>>> print(open('target-v4.cif').read())   # mmCIF, C-alpha atoms
data_protein
#
loop_
_atom_site.label_atom_id
_atom_site.label_comp_id
_atom_site.auth_asym_id
_atom_site.auth_seq_id
_atom_site.Cartn_x
_atom_site.Cartn_y
_atom_site.Cartn_z
CA MET A 1481 206.30 174.71 35.77
CA MET A 1482 208.13 172.00 33.80
CA LEU A 1483 208.22 168.40 35.05
CA LYS A 1484 211.98 168.63 35.64
CA GLU A 1485 211.46 171.57 38.00
CA LYS A 1486 208.70 169.75 39.87
CA LEU A 1487 210.93 166.72 40.30
CA GLU A 1488 213.75 168.86 41.68
CA GLN A 1489 211.47 170.02 44.48
CA ILE A 1490 210.94 166.47 45.75
CA ASP A 1491 213.31 165.62 48.61
CA LEU A 1492 213.40 161.83 48.64
CA SER A 1493 215.69 161.75 51.67
CA ASN A 1494 212.90 163.30 53.71
CA TRP A 1495 209.90 161.79 51.91
CA SER A 1496 207.15 159.85 53.66
CA ALA A 1497 203.84 158.66 52.30
CA PRO A 1498 201.04 161.21 52.81
CA ALA A 1499 197.94 160.25 54.77
CA LEU A 1500 195.15 158.80 52.63
CA LYS A 1501 192.12 160.89 51.69
CA GLU A 1502 188.56 159.91 50.87
CA ASP A 1503 188.75 161.22 47.31
CA MET A 1504 191.70 159.00 46.34
CA PRO A 1505 192.42 158.72 42.61
CA HIS A 1506 191.68 155.35 41.10
CA GLY A 1507 191.55 153.57 37.76
CA ASP A 1508 188.85 154.31 35.22
CA MET A 1509 187.38 150.81 34.89
CA PRO A 1510 183.61 151.10 35.58
CA GLY A 1511 182.52 149.24 38.71
CA ASP A 1512 186.03 148.14 39.66
CA LYS A 1513 186.53 147.71 43.39
CA ILE A 1514 189.71 148.72 45.15
CA ALA A 1515 190.48 148.18 48.80
CA ILE A 1516 193.74 149.80 49.86
CA GLY A 1517 195.41 148.06 52.78
CA GLU A 1518 198.66 148.35 54.70
CA ASP A 1519 200.33 145.90 52.34
CA HIS A 1520 199.59 148.14 49.34
CA ILE A 1521 200.83 151.24 51.17
CA LYS A 1522 204.04 149.43 52.15
CA LYS A 1523 204.74 148.42 48.55
CA ALA A 1524 203.78 151.77 47.01
CA SER A 1525 205.98 153.58 49.54
CA LYS A 1526 208.95 151.45 48.47
CA ILE A 1527 208.23 151.92 44.79
CA PHE A 1528 207.63 155.69 44.83
CA PRO A 1529 211.23 156.90 45.46
CA LEU A 1530 212.48 154.52 42.76
CA LEU A 1531 209.76 155.74 40.42
CA ILE A 1532 210.81 159.36 40.92
CA GLU A 1533 214.40 158.45 40.11
CA GLU A 1534 213.32 156.62 36.97
CA ILE A 1535 211.15 159.54 35.88
CA ARG A 1536 214.13 161.86 36.33
CA LYS A 1537 216.25 159.58 34.15
CA THR A 1538 213.82 159.80 31.21
CA GLY A 1539 214.22 163.57 30.91
CA ASN A 1540 210.75 163.58 29.34
CA GLU A 1541 207.95 166.03 29.99
CA LYS A 1542 205.38 163.27 29.49
CA VAL A 1543 206.13 159.90 31.08
CA VAL A 1544 204.20 156.64 30.75
CA VAL A 1545 204.37 154.07 33.56
CA SER A 1546 202.88 150.59 33.47
CA VAL A 1547 202.00 148.70 36.64
CA PHE A 1548 201.55 145.06 35.69
CA GLY A 1549 201.30 141.68 37.30
CA GLY A 1550 198.98 138.73 37.76
CA SER A 1551 195.24 139.23 37.78
CA GLY A 1552 194.17 140.50 41.20
CA VAL A 1553 197.69 141.12 42.53
CA GLY A 1554 196.89 144.68 43.60
CA LYS A 1555 197.69 146.69 40.48
CA SER A 1556 194.68 148.98 40.87
CA GLU A 1557 195.47 149.79 44.49
CA ILE A 1558 199.18 150.42 44.00
CA ALA A 1559 198.65 152.41 40.79
CA SER A 1560 196.11 154.54 42.68
CA LEU A 1561 198.58 155.13 45.51
CA LEU A 1562 201.42 156.06 43.16
CA THR A 1563 199.11 158.48 41.37
CA TYR A 1564 198.09 160.00 44.70
CA TYR A 1565 201.72 160.34 45.83
CA LEU A 1566 202.63 162.06 42.54
CA GLN A 1567 199.71 164.43 42.83
CA ASP A 1568 200.63 165.20 46.45
CA ALA A 1569 204.13 166.08 45.19
CA GLY A 1570 202.65 168.50 42.67
CA ILE A 1571 202.92 166.25 39.62
CA GLY A 1572 199.81 165.69 37.52
CA ALA A 1573 199.08 161.98 37.10
CA TYR A 1574 196.24 159.84 35.76
CA VAL A 1575 195.43 156.11 36.10
CA LEU A 1576 194.29 154.30 32.97
CA SER A 1577 192.85 150.80 33.40
CA GLY A 1578 193.87 148.45 30.63
CA ASP A 1579 190.86 146.26 31.39
CA ASN A 1580 188.81 148.71 29.31
CA TYR A 1581 190.60 147.57 26.15
CA PRO A 1582 189.84 143.93 25.35
CA TYR A 1583 187.67 143.48 22.27
CA ARG A 1584 184.92 141.70 24.23
CA ILE A 1585 183.14 142.37 27.51
CA PRO A 1586 184.23 139.98 30.31
CA LEU A 1587 181.25 137.63 29.86
CA TYR A 1588 181.86 137.14 26.15
CA ASN A 1589 185.63 137.05 26.50
CA ASP A 1590 185.41 134.32 29.13
CA ALA A 1591 183.11 132.40 26.79
CA GLU A 1592 185.54 132.89 23.88
CA ARG A 1593 188.44 131.62 25.97
CA LEU A 1594 186.52 128.50 26.98
CA SER A 1595 185.30 127.91 23.43
CA ILE A 1596 188.86 128.11 22.06
CA PHE A 1597 190.11 125.69 24.69
CA ARG A 1598 187.34 123.13 24.16
CA ALA A 1599 187.28 123.29 20.35
CA ALA A 1600 191.04 122.77 20.13
CA GLY A 1601 191.00 120.04 22.77
CA LEU A 1602 188.25 118.19 20.96
CA ARG A 1603 190.11 118.41 17.67
CA GLY A 1604 193.22 117.15 19.42
CA LEU A 1605 191.40 113.97 20.43
CA VAL A 1606 190.21 113.45 16.86
CA ASP A 1607 193.70 113.99 15.42
CA ALA A 1608 195.17 111.56 17.96
CA GLY A 1609 192.67 108.90 16.91
CA VAL A 1610 191.24 108.40 20.41
CA TYR A 1611 187.85 110.04 19.98
CA GLU A 1612 185.40 107.17 20.47
CA LYS A 1613 181.84 106.86 21.76
CA ASP A 1614 182.80 106.47 25.42
CA VAL A 1615 185.19 109.43 25.16
CA LYS A 1616 182.42 111.52 23.61
CA GLU A 1617 179.96 110.68 26.39
CA THR A 1618 182.51 111.22 29.15
CA LEU A 1619 183.56 114.57 27.67
CA PHE A 1620 179.93 115.74 27.58
CA LYS A 1621 179.70 114.97 31.29
CA LEU A 1622 182.96 116.75 32.08
CA TRP A 1623 181.76 119.81 30.14
CA GLU A 1624 178.55 119.89 32.17
CA GLU A 1625 180.57 119.64 35.39
CA GLU A 1626 183.12 122.18 34.05
CA THR A 1627 185.92 119.85 35.12
CA ASP A 1628 187.40 119.13 31.68
CA PRO A 1629 190.47 121.39 32.32
CA ASP A 1630 191.19 119.68 35.68
CA PRO A 1631 194.55 117.80 35.54
CA ALA A 1632 193.34 115.52 38.35
CA LYS A 1633 190.85 113.97 35.95
CA THR A 1634 193.58 112.62 33.66
CA GLY A 1635 194.29 109.76 36.06
CA GLU A 1636 190.79 108.43 35.51
CA HIS A 1637 190.70 109.41 31.83
CA PRO A 1638 194.23 109.24 30.28
CA TRP A 1639 193.01 110.57 26.92
CA LEU A 1640 192.07 113.80 28.70
CA LYS A 1641 195.75 114.74 28.83
CA ILE A 1642 195.78 115.08 25.04
CA TYR A 1643 192.61 117.17 25.21
CA GLN A 1644 194.02 119.50 27.86
CA GLU A 1645 197.42 119.92 26.20
CA THR A 1646 196.02 120.81 22.77
CA GLY A 1647 193.34 123.03 24.29
CA ARG A 1648 195.88 124.84 26.46
CA ALA A 1649 198.18 125.42 23.49
CA ALA A 1650 195.33 127.07 21.54
CA LEU A 1651 194.31 129.14 24.55
CA LYS A 1652 197.88 130.39 24.90
CA GLU A 1653 197.70 131.68 21.31
CA TYR A 1654 194.75 133.86 22.34
CA LEU A 1655 195.32 135.11 25.89
CA GLY A 1656 196.96 138.52 26.04
CA THR A 1657 197.56 138.63 22.28
CA LEU A 1658 196.35 140.99 19.59
CA LYS A 1659 193.41 138.62 19.12
CA GLU A 1660 192.13 139.44 22.61
CA GLN A 1661 193.46 142.88 23.54
CA ASN A 1662 193.25 146.13 21.56
CA TYR A 1663 196.88 147.20 21.96
CA PRO A 1664 196.75 149.53 18.92
CA GLU A 1665 194.07 151.67 20.61
CA VAL A 1666 196.07 151.89 23.85
CA ASN A 1667 199.21 152.74 21.85
CA GLY A 1668 197.29 155.55 20.17
CA ILE A 1669 196.36 156.97 23.58
CA ILE A 1670 199.99 156.78 24.72
CA TRP A 1671 201.24 158.69 21.68
CA ASP A 1672 198.45 161.27 21.94
CA PHE A 1673 199.51 161.83 25.55
CA LYS A 1674 203.21 162.06 24.72
CA GLU A 1675 202.57 164.47 21.88
CA GLY A 1676 200.75 166.79 24.26
CA LYS A 1677 197.16 166.35 23.11
CA GLU A 1678 195.13 168.11 25.77
CA CYS A 1679 191.82 166.23 25.48
CA VAL A 1680 191.74 162.49 24.77
CA LEU A 1681 188.69 160.24 24.50
CA LEU A 1682 189.21 157.20 26.72
CA LYS A 1683 187.16 154.03 26.45
CA ARG A 1684 184.99 152.66 29.23
CA MET A 1685 183.77 149.06 29.30
CA GLY A 1686 181.37 147.64 31.85
CA ARG A 1687 180.22 144.07 32.21
CA LYS A 1688 177.26 144.28 29.80
CA GLU A 1689 177.32 144.62 26.02
CA GLU A 1690 175.58 148.00 26.10
CA GLU A 1691 178.05 149.35 28.69
CA ARG A 1692 180.59 150.78 26.26
CA TRP A 1693 181.32 154.48 25.89
CA TYR A 1694 184.07 157.11 25.72
CA ASP A 1695 184.77 159.92 28.17
CA PRO A 1696 186.80 163.03 27.29
CA ILE A 1697 189.78 163.32 29.66
CA ASP A 1698 191.77 166.51 30.15
CA PHE A 1699 195.45 165.65 29.87
CA SER A 1700 196.65 169.25 29.83
CA GLY A 1701 197.97 169.14 33.40
CA ILE A 1702 199.05 165.51 33.38
CA ASN A 1703 202.77 164.66 33.30
CA VAL A 1704 202.60 160.98 34.23
CA LEU A 1705 200.18 158.46 32.73
CA ILE A 1706 200.00 155.25 34.76
CA ILE A 1707 198.55 152.19 33.02
CA GLU A 1708 197.49 149.42 35.37
CA TRP A 1709 196.95 146.19 33.47
CA THR A 1710 197.80 142.51 33.59
CA HIS A 1711 199.22 142.96 30.09
CA GLY A 1712 201.10 146.18 30.87
CA GLY A 1713 204.39 144.48 30.07
CA ASN A 1714 203.26 142.93 26.78
CA GLU A 1715 205.56 143.34 23.78
CA ASN A 1716 202.71 144.80 21.71
CA LEU A 1717 202.41 147.78 24.07
CA GLU A 1718 204.47 150.73 22.82
CA GLY A 1719 205.83 153.85 24.49
CA ILE A 1720 206.11 152.56 28.07
CA ASP A 1721 208.94 154.42 29.79
CA ILE A 1722 208.87 152.71 33.19
CA PRO A 1723 207.46 149.17 33.50
CA ILE A 1724 206.77 148.12 37.10
CA LEU A 1725 206.15 144.43 37.88
CA LEU A 1726 204.16 143.34 40.91
CA ASN A 1727 205.30 139.75 41.21
CA SER A 1728 203.07 136.96 42.50
CA THR A 1729 202.15 133.31 41.99
CA PRO A 1730 198.88 132.12 40.37
CA GLU A 1731 197.74 130.90 43.81
CA GLU A 1732 198.28 134.35 45.35
CA THR A 1733 196.48 136.14 42.54
CA ARG A 1734 193.56 133.71 42.71
CA GLU A 1735 193.12 134.44 46.42
CA HIS A 1736 193.22 138.17 45.74
CA ARG A 1737 190.58 137.76 43.02
CA ARG A 1738 188.36 135.98 45.52
CA LEU A 1739 188.63 138.87 47.96
CA ARG A 1740 187.83 141.38 45.23
CA ALA A 1741 184.99 139.26 43.81
CA ARG A 1742 186.36 139.60 40.30
CA ASP A 1743 184.34 136.62 39.03
CA GLY A 1744 182.13 133.81 40.23
CA LYS A 1745 184.45 130.93 39.33
CA THR A 1746 187.72 131.93 40.97
CA ASP A 1747 188.58 128.38 42.02
CA SER A 1748 187.63 126.64 38.77
CA ALA A 1749 190.19 124.50 36.93
CA PHE A 1750 189.80 126.70 33.88
CA THR A 1751 190.55 129.90 35.81
CA THR A 1752 193.62 128.19 37.25
CA MET A 1753 194.77 127.36 33.72
CA VAL A 1754 194.22 130.95 32.55
CA LEU A 1755 196.20 132.34 35.48
CA SER A 1756 198.99 129.86 34.80
CA ILE A 1757 199.28 130.94 31.16
CA GLU A 1758 199.21 134.61 32.18
CA GLN A 1759 201.97 133.90 34.68
CA GLU A 1760 204.17 132.47 31.92
CA GLU A 1761 203.86 135.76 30.04
CA LEU A 1762 204.63 137.71 33.20
CA ASP A 1763 207.69 135.59 33.94
CA ASP A 1764 208.93 136.27 30.42
CA ARG A 1765 208.15 139.98 30.25
CA GLY A 1766 208.94 140.73 33.90
CA ARG A 1767 212.67 140.70 33.19
CA TYR A 1768 212.20 143.94 31.24
CA ALA A 1769 210.67 145.75 34.22
CA LYS A 1770 212.69 148.64 35.66
CA ILE A 1771 211.14 148.13 39.10
CA ARG A 1772 210.09 144.73 40.46
CA ILE A 1773 208.57 143.97 43.81
CA ALA A 1774 207.69 140.59 45.30
CA LYS A 1775 204.38 139.64 46.90
CA SER A 1776 206.21 139.82 50.24
CA GLY A 1777 207.01 143.49 49.57
CA GLU A 1778 210.71 142.98 48.94
CA LEU A 1779 212.29 144.71 45.96
CA MET A 1780 213.61 142.22 43.41
#
>>> encode(input="target-v4.cif", output="structure tokens")
Amino acid sequence: MMLKEKLEQIDLSNWSAPALKEDMPHGDMPGDKIAIGEDHIKKASKIFPLLIEEIRKTGNEKVVVSVFGGSGVGKSEIASLLTYYLQDAGIGAYVLSGDNYPYRIPLYNDAERLSIFRAAGLRGLVDAGVYEKDVKETLFKLWEEETDPDPAKTGEHPWLKIYQETGRAALKEYLGTLKEQNYPEVNGIIWDFKEGKECVLLKRMGRKEEERWYDPIDFSGINVLIIEWTHGGNENLEGIDIPILLNSTPEETREHRRLRARDGKTDSAFTTMVLSIEQEELDDRGRYAKIRIAKSGELM
């Protein structure tokens, strides 16, 4: 049966979210934790009818959806629910986790981010002519305490503002760009899917260097590919038919990260800076989303 025929059988006027099952579909990021709650169900239930309408508009047999938003905003949970709702309606769907496609494992990528920030910040002090012995010694101490990105420290050390501004500017040139994320590989998967390739090798990335591999995935019965990813709205990502933004603030995403135990330094000043830069990209790219929903659950 063609996708158009499957869509015609869905009566949105009488649709309600199906009860959850134990074998719920979920993203393919190794070790990722998802915890579906009432808030996720509420949002996914609002999004689903709109998603069906948007899929109908494409007229395509193969449709690619991106669910994007701040780190920890609930992309995995809502993408899993949308996939489950599609499957329950007789439409084959698969969740691809974009977190499998940075060039470095999380440990090394976090280190690269920090290295870029500190190297550029240090050079900024030199170029500004304020790098003296006392600055050098104080900076060593701040590095040890991991408080060098903290804006509150600039009151005590005014030169730190130069350090933070130049470091942040360099970090922004890395986060979410082609230097950090392998968009070409994801684009290749999207086009393979759209062209009807039945078996596609998808990358898996754990949290250790040796935890990298590819799994063959059968796409023969899949009509909708859902990509859940912070960078799912990035301009370097090609072939997305329906971008869906889950809106949030950096503070809200940081709290969600804490609950999901995404990392051990959720409250650090550096993590706050990273989330702030990511939010700037989301604010810019979010205007291109076809469906947007606020943290409160209201459609935007």
>>> atom_distance(input="target-v4.cif", atom1="CA of Asn1662 (chain A)", atom2="CA of Phe1528 (chain A)")
29.0 Å
>>> closest_residue(input="target-v4.cif", among="A:Ile1642, A:Phe1597, A:Leu1622, A:Gly1656", to="Gly1609 (chain A)", atoms="all atoms listed in the file")
A:Ile1642
>>> resolve_selection(input="target-v4.cif", expression="the PyMOL selection byres ((chain A and resi 1692-1695) around 10)", output="PyMOL selection string")
chain A and resi 1508+1510+1580+1585+1679-1691+1696-1698
>>> write_last_selection(input="target-v4.cif", atoms="C-alpha atoms", output="compact mmCIF listing (two decimals), in the frame of the given file")
# COMPACT_ATOMS: atom_id res chain seq x y z
CA ASP A 1508 188.85 154.31 35.22
CA PRO A 1510 183.61 151.10 35.58
CA ASN A 1580 188.81 148.71 29.31
CA ILE A 1585 183.14 142.37 27.51
CA CYS A 1679 191.82 166.23 25.48
CA VAL A 1680 191.74 162.49 24.77
CA LEU A 1681 188.69 160.24 24.50
CA LEU A 1682 189.21 157.20 26.72
CA LYS A 1683 187.16 154.03 26.45
CA ARG A 1684 184.99 152.66 29.23
CA MET A 1685 183.77 149.06 29.30
CA GLY A 1686 181.37 147.64 31.85
CA ARG A 1687 180.22 144.07 32.21
CA LYS A 1688 177.26 144.28 29.80
CA GLU A 1689 177.32 144.62 26.02
CA GLU A 1690 175.58 148.00 26.10
CA GLU A 1691 178.05 149.35 28.69
CA PRO A 1696 186.80 163.03 27.29
CA ILE A 1697 189.78 163.32 29.66
CA ASP A 1698 191.77 166.51 30.15
>>> resolve_selection(input="target-v4.cif", expression="the PyMOL selection byres ((chain A and resi 1702) around 10)", output="PyMOL selection string")
chain A and resi 1483+1541-1543+1567+1571-1574+1673+1676+1678+1698-1701+1703-1705
>>> resolve_selection(input="target-v4.cif", expression="the PyMOL selection byres ((chain A and resi 1648) around 12)", output="MDAnalysis selection string")
chainID A and resid 1593:1602 1604 1628:1631 1640:1647 1649:1655 1749:1758
>>> closest_atom_pairs(input="target-v4.cif", of="region 1750-1773 of chain A", to="region 1709-1720 of chain A", cutoff="10 Å", atoms="only C-alpha atoms", output="JSON lines")
{"residue": "A:Glu1758", "atom": "CA", "partner": "A:Thr1710", "partner_atom": "CA", "distance": 8.1}
{"residue": "A:Gln1759", "atom": "CA", "partner": "A:Thr1710", "partner_atom": "CA", "distance": 9.6}
{"residue": "A:Glu1761", "atom": "CA", "partner": "A:Asn1714", "partner_atom": "CA", "distance": 7.9}
{"residue": "A:Leu1762", "atom": "CA", "partner": "A:Gly1713", "partner_atom": "CA", "distance": 7.5}
{"residue": "A:Asp1764", "atom": "CA", "partner": "A:Gly1713", "partner_atom": "CA", "distance": 9.4}
{"residue": "A:Arg1765", "atom": "CA", "partner": "A:Gly1713", "partner_atom": "CA", "distance": 5.9}
{"residue": "A:Gly1766", "atom": "CA", "partner": "A:Gly1713", "partner_atom": "CA", "distance": 7.0}
{"residue": "A:Arg1767", "atom": "CA", "partner": "A:Gly1713", "partner_atom": "CA", "distance": 9.6}
{"residue": "A:Tyr1768", "atom": "CA", "partner": "A:Gly1713", "partner_atom": "CA", "distance": 7.9}
{"residue": "A:Ala1769", "atom": "CA", "partner": "A:Gly1713", "partner_atom": "CA", "distance": 7.6}
>>> atom_distance(input="target-v4.cif", atom1="CA of Leu1726 (chain A)", atom2="CA of Glu1557 (chain A)")
11.4 Å
>>> residues_near_point(input="target-v4.cif", point="(194.0, 154.4, 51.3)", cutoff="9 Å", atoms="only C-alpha atoms", output="list in words")
Ala1499, Leu1500, Lys1501, Glu1502, Met1504, Ala1515, Ile1516, Gly1517, Glu1518, His1520, Ile1521, Glu1557, Ser1560 and Leu1561 of chain A
>>> closest_residue(input="target-v4.cif", among="A:Thr1538, A:Thr1634, A:Ser1748, A:Asn1667", to="Gly1578 (chain A)", atoms="all atoms listed in the file")
A:Asn1667
>>> closest_residue(input="target-v4.cif", among="A:Leu1576, A:His1637, A:Glu1533, A:Lys1522", to="Ile1490 (chain A)", atoms="only C-alpha atoms")
A:Glu1533
>>> decode(input="target-v4.cif", residues="region 1569-1624 of chain A", atoms="C-alpha atoms", output="short mmCIF file (atom, residue, chain, number, x, y, z; two decimals), in the first residue's frame")
data_model
loop_
_atom_site.label_atom_id
_atom_site.label_comp_id
_atom_site.auth_asym_id
_atom_site.auth_seq_id
_atom_site.Cartn_x
_atom_site.Cartn_y
_atom_site.Cartn_z
CA ALA A 1569 -1.46 4.06 12.22
CA GLY A 1570 0.15 1.57 9.85
CA ILE A 1571 2.97 3.82 8.62
CA GLY A 1572 6.52 2.50 8.82
CA ALA A 1573 8.78 4.90 10.72
CA TYR A 1574 12.31 4.87 12.12
CA VAL A 1575 14.11 7.16 14.62
CA LEU A 1576 17.67 8.17 13.78
CA SER A 1577 19.70 9.86 16.52
CA GLY A 1578 21.91 12.63 15.20
CA ASP A 1579 24.15 12.28 18.26
CA ASN A 1580 25.80 9.35 16.46
CA TYR A 1581 27.30 11.73 13.89
CA PRO A 1582 29.80 14.10 15.48
CA TYR A 1583 33.39 13.42 14.47
CA ARG A 1584 34.49 12.79 18.07
CA ILE A 1585 33.10 10.76 20.95
CA PRO A 1586 31.53 12.94 23.69
CA LEU A 1587 34.63 12.87 25.93
CA TYR A 1588 36.96 14.07 23.18
CA ASN A 1589 34.44 16.51 21.73
CA ASP A 1590 33.93 18.14 25.13
CA ALA A 1591 37.71 18.40 25.45
CA GLU A 1592 37.98 19.92 21.96
CA ARG A 1593 35.31 22.49 22.77
CA LEU A 1594 37.09 23.53 25.97
CA SER A 1595 40.48 23.61 24.23
CA ILE A 1596 39.13 25.89 21.48
CA PHE A 1597 37.59 28.23 24.04
CA ARG A 1598 40.70 28.46 26.22
CA ALA A 1599 43.24 28.75 23.38
CA ALA A 1600 41.29 31.58 21.75
CA GLY A 1601 40.66 33.32 25.06
CA LEU A 1602 44.34 33.17 25.95
CA ARG A 1603 45.32 34.58 22.56
CA GLY A 1604 42.75 37.32 23.04
CA LEU A 1605 44.50 38.46 26.21
CA VAL A 1606 47.84 38.51 24.42
CA ASP A 1607 46.45 40.50 21.48
CA ALA A 1608 44.84 42.98 23.87
CA GLY A 1609 48.18 43.54 25.60
CA VAL A 1610 46.90 42.59 29.07
CA TYR A 1611 48.60 39.23 29.50
CA GLU A 1612 50.95 39.79 32.44
CA LYS A 1613 52.40 37.60 35.19
CA ASP A 1614 49.51 38.08 37.61
CA VAL A 1615 46.99 37.38 34.83
CA LYS A 1616 48.88 34.21 33.93
CA GLU A 1617 48.86 32.95 37.52
CA THR A 1618 45.21 33.84 38.08
CA LEU A 1619 44.19 32.15 34.84
CA PHE A 1620 45.99 28.95 35.86
CA LYS A 1621 43.95 28.95 39.07
CA LEU A 1622 40.69 29.59 37.23
CA TRP A 1623 41.47 26.72 34.84
CA GLU A 1624 42.04 24.38 37.77
#
